[in-house]
Structures are given as C-alpha cells and as structure tokens.
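Read through the structure below, which is laid out as structure tokens, and then see the notes.
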Amino acid sequence: MDLQQRIGARGSEFLLFAVTPPRLTVSPERAQEIADATRKRLSRLNLDGLVLYDIDDESDRNPEERPFPFLPTIDPATFLARHLAEWHTPVVVYRTVGKYRESDLRSWLDTQDASRALTVFVGASSREKPSATSLVRAQELRAETRPDLLLGGVAIPERHTRRGEEHLRLIAKQEAGCSFFVTQVVYDVNAAKDLVSDYRYECAALGLRPVPIVFTFSVCGSSKTLEFLQWLGVDVPRWIQNDLRHADDTLQESYDQALTTARELVGFCRRKDVPFGINVESVSIRAAEIEASVALAEALGKELRR
C-alpha cells in the first residue's frame, strides 16, 4: 500500500522521515546537492513517506531569546518541485497557512497531484500574530477545491497536559477534513498516552473512528538543542533533562530515550486500537545528529507491522 492507502486503512502502521528545506540564501545548485544527499542518505530506509516542514518565525509565541536564530528556508513546495522530483514516495508538505494569501494557497492546492502529495496545515503560532489566511479558512479551501488531497493536522500532547482539551481539537480538525495528525517531538510519553486515551474514548462516545496519529521523534545532541526544544514548547521531563545534560554521550542518550519512548507508544496504541505512524525528524545541520536520526528511523521501522 502507498501512504494514502495506509492512512485510509486506519490500521496500517507506517514510517515517515521529516526534514527542513535548505536556507533561502543557498544557490539552486547547492539546494540540489542537499536534495541529492538527502535522497542518498535515506535510501536505505524503507520509508512510506517524506515530510517537508514549513518553517516560520515563532518569536511572537515566546518572548525569551531564541537559542538559535531564525533563518528563512526555501518554501517546501518549491523545494519538492524543483529539487526532489525523483523522490520515490508520497511527500507530506507542511503549509503554515498564515504566511500565504488565500489566492496563493488555492493555486497551490489546485496544482497538487494527490497521488504524490499530502499536506499538513499549521495555524498561527499565537493569536496576536497577523495571519493572511486562518486555519479554518484554509481547511475550507481544501474542502472546496481539493477534497481528494489528504489533509493532516498538528497534535500537541503538551497542550493537552496544560489544557486537557487537545483531544477535542483533534476531533474538530477531523470533522473539518483531517485524515491524520502529526505530533510535535515527543519526550513526555505520559502526555502522549493521555492524549491518545482521551481521543480514543471521545471518538467512541461520538461514534467516530480514530484516524492515525503520527508520533514524531528526534535526537538531541547538545544542551543548546535541548534549550531550543523547550523554547519551541516541547515539554521534556526533568529526569530526561538531567540524563541528557549529565550523559557522557548526549546524542546516544537521546537516541536511547527516543527508542524507548517510541516502543512504549507503539504498544500502547496497539492495545487501545488507535491507528498510528512514526515520524523521525532531522532538522540539524550536524552530521552526527543527521546520521543518528537516520539510524533511529531504521530501528523504529523494524518495530512496525507493515
């Protein structure tokens, strides 16, 4: 089955790998080199799909100094069209919809090949941020113009811990056309399990079938990367923070933590009969972290029933 069929089956487990497009300042030649290197690096993985993130400045959401500077990147749709034409699986293209005028978003939707592309719509990072197109309007546009193009939404377990209503957000997005959800990077396994459980039983109460939740994992190679994760709103339990900060090899420790957390969530979702996928992201430019992410994806792929 291809990725779209796996999502539609609501029971077939699948593996994704996520990357960030190159910086906007790179030359077309360098962008192609990066795309070719990515394709070669990931060739050993039996992936069901690739994810291309759409990066936005989120300083409006967090007033604290950003650990790493915001550097604009090539639009993921542009990167796919110009540099990844030979990629062999479907690609999930993120759209931070507030960045795009309604006419531009509609034009992009019109030109997509639903057998090759899927999308995840991301709303504004805060209520105060100016938005060219709202998330609700973007969902309406997709329903009006391209209902055949599979739409995903963002799931944030940490928000569920704070507010206790993330499962209701998922259901609202599902009713607005979302066929799957992708989480932020998961470090707090209990927060993720709470969200899965509440979503599962709310669906049962409403007579809905749960759609796949794709859990994102990554490696953390330094204390500064850990600070950046927390700046982004990822809740890293104190004991994991301590383990990472005091480890002889932070990268290996984070790899082990991610593998353990993923295995626990895989077993939990199977017991709860909630469809799921695994997404391993690599957003670092450090070779060691990139290779560790690829190794993590390879290991997690062996945990899935495909």
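Just so we're on the same page: first chain in the structure tokens is A, next is B, and so on; residues restart at 1 for each chain, and ligands are numbered from 1 in the order they show up.
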
Quiz item: as a ChimeraX atom specification, which residues of stretch 155-224 of chain A does DSSP assign to helix (DSSP H, G or I)?
Solution: /A:157-163,166-175,189-206,223-224

Self-check item: Near-A:Glu144 list (12 Å; only C-alpha atoms; drop same-chain fewer than 6 positions) as a VMD selection string
Solution: chain A and resid 106 109 to 110 137 to 138 176 to 177

Limited to N, CA and C atoms, could you put the picked residues into a file as an mmCIF file, in the first residue's frame?
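Output file selection.cif is given in full below:
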```
data_model
loop_
_atom_site.group_PDB
_atom_site.id
_atom_site.type_symbol
_atom_site.label_atom_id
_atom_site.label_comp_id
_atom_site.auth_asym_id
_atom_site.auth_seq_id
_atom_site.Cartn_x
_atom_site.Cartn_y
_atom_site.Cartn_z
ATOM 1 N N ARG A 106 -4.868 28.638 -2.631
ATOM 2 C CA ARG A 106 -5.786 27.979 -3.569
ATOM 3 C C ARG A 106 -5.029 27.511 -4.820
ATOM 4 N N LEU A 109 -3.050 24.401 -3.998
ATOM 5 C CA LEU A 109 -3.928 23.245 -3.887
ATOM 6 C C LEU A 109 -4.340 22.733 -5.261
ATOM 7 N N ASP A 110 -4.643 23.660 -6.162
ATOM 8 C CA ASP A 110 -5.107 23.283 -7.499
ATOM 9 C C ASP A 110 -4.074 22.472 -8.279
ATOM 10 N N ARG A 137 -10.149 28.850 7.491
ATOM 11 C CA ARG A 137 -10.382 29.177 6.081
ATOM 12 C C ARG A 137 -9.562 28.268 5.166
ATOM 13 N N ALA A 138 -8.344 27.942 5.577
ATOM 14 C CA ALA A 138 -7.515 27.035 4.784
ATOM 15 C C ALA A 138 -8.170 25.658 4.672
ATOM 16 N N ALA A 176 -13.298 18.627 10.214
ATOM 17 C CA ALA A 176 -13.023 19.622 9.177
ATOM 18 C C ALA A 176 -12.243 19.039 8.014
ATOM 19 N N GLY A 177 -11.970 17.732 8.054
ATOM 20 C CA GLY A 177 -11.353 17.078 6.916
ATOM 21 C C GLY A 177 -10.011 16.431 7.149
#
```

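Each of A:Ala124, A:Cys269, A:Ile285, A:Leu304 was compared to A:Ile34 using only C-alpha atoms, and A:Ile285 turns out to be the nearest.
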
Exercise. Determine, counting only C-alpha atoms, which protein, DNA and RNA residues have an atom within 12 Å of an atom of A:Leu168; residues of the same chain fewer than 5 positions away are not included. Present the result as a ChimeraX atom specification.
Key: /A:155-156,159-160,163,173-175,195-196,198-203,206

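Each of A:Glu64, A:Tyr53, A:Gln184, A:Glu86 was checked against A:Phe121 using only C-alpha atoms; the smallest atom-to-atom distance is that of A:Tyr53.
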
Quiz prompt | Residue contacts of A:Val120 (6 Å, only C-alpha atoms) excluding same-chain residues fewer than 4 positions away, as JSON, numbers by chain | solution = {"A": [94, 151, 152, 153]}

Output C-alpha atoms for every residue in that selection, as an mmCIF file, in the first residue's frame.
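Listing of out_30.cif after writing:
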```
data_model
loop_
_atom_site.group_PDB
_atom_site.id
_atom_site.type_symbol
_atom_site.label_atom_id
_atom_site.label_comp_id
_atom_site.auth_asym_id
_atom_site.auth_seq_id
_atom_site.Cartn_x
_atom_site.Cartn_y
_atom_site.Cartn_z
ATOM 1 C CA TYR A 94 3.558 21.387 5.530
ATOM 2 C CA LEU A 151 -5.067 16.727 4.874
ATOM 3 C CA GLY A 152 -3.301 16.356 8.194
ATOM 4 C CA GLY A 153 -3.320 18.411 11.364
#
```

Self-check item: Selection near A:Ile213, 9 Å with only C-alpha atoms, sequence-local residues under 4 positions removed, as a ChimeraX atom specification
Solution: /A:155,180-183,196,274-278

Deliver the residues from the most recent selection as a file, using N, CA and C atoms, as a compact mmCIF listing (two decimals), in the first residue's frame.
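The resulting file, result_16.txt, is shown below:
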```
# COMPACT_ATOMS: atom_id res chain seq x y z
N ALA A 155 -0.89 17.80 16.23
CA ALA A 155 -1.31 17.36 17.57
C ALA A 155 -0.21 17.72 18.56
N PHE A 180 -5.34 12.53 9.27
CA PHE A 180 -4.26 12.07 10.14
C PHE A 180 -3.73 13.27 10.92
N PHE A 181 -2.97 12.98 11.97
CA PHE A 181 -2.35 14.02 12.79
C PHE A 181 -0.88 13.72 12.97
N VAL A 182 -0.08 14.77 13.09
CA VAL A 182 1.34 14.63 13.34
C VAL A 182 1.68 15.42 14.60
N THR A 183 2.34 14.78 15.55
CA THR A 183 2.67 15.45 16.81
C THR A 183 3.96 16.26 16.70
N VAL A 196 -3.76 10.16 23.53
CA VAL A 196 -4.27 9.01 22.79
C VAL A 196 -5.50 8.42 23.47
N VAL A 274 -5.77 2.32 18.43
CA VAL A 274 -5.68 3.64 17.79
C VAL A 274 -4.63 3.55 16.68
N PRO A 275 -4.99 3.83 15.44
CA PRO A 275 -4.02 3.75 14.35
C PRO A 275 -2.91 4.78 14.53
N PHE A 276 -1.72 4.44 14.06
CA PHE A 276 -0.60 5.35 14.30
C PHE A 276 0.49 5.17 13.25
N GLY A 277 1.36 6.16 13.22
CA GLY A 277 2.57 6.09 12.41
C GLY A 277 3.71 6.67 13.22
N ILE A 278 4.91 6.53 12.70
CA ILE A 278 6.11 7.08 13.34
C ILE A 278 6.76 8.04 12.35
```

Self-check item: Pick from A:Lys302, A:Ser284, A:His246, A:Ser223 nearest to A:Ala262, counting only C-alpha atoms
Solution: A:Lys302

Exercise. Going by DSSP on the backbone, which bits of stretch 68-285 of chain A are strand (DSSP E)? Write them as a PyMOL selection string, please.
Key: chain A and resi 91-96+117-122+151-155+178-185+213-217+276-282

Practice problem: Pick out the residues sitting within 6 Å of A:Val92, and hand them over as a VMD selection string; count only C-alpha atoms, and ignore anything fewer than 6 positions along from it in its own chain. | Solution: chain A and resid 51 117 to 119

Generate a file of the selected residues that holds C-alpha atoms, formatted as a CSV table (one decimal), in the first residue's frame.
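Written file, result25.csv:
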```
chain,number,residue,atom,x,y,z
A,51,VAL,CA,7.8,15.2,5.4
A,117,ALA,CA,1.5,14.8,-2.2
A,118,LEU,CA,-0.3,15.2,1.1
A,119,THR,CA,-0.4,18.3,3.3
```

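Proximity ranking of A:Thr250, A:Ser43, A:Val283, A:Ala204 relative to A:Pro22 places A:Val283 first, based on only C-alpha atoms.
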
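The shortest atom-to-atom distance to A:Val236, with only C-alpha atoms taken into account, belongs to A:Asp188 out of A:Asp249, A:Asp188, A:Asp104, A:Glu264.
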
Quiz item: Nearest to A:Arg263 among A:Glu303, A:Trp239, A:Leu244, A:Ala297, with distances taken over only C-alpha atoms: which residue is it?
Solution: A:Glu303
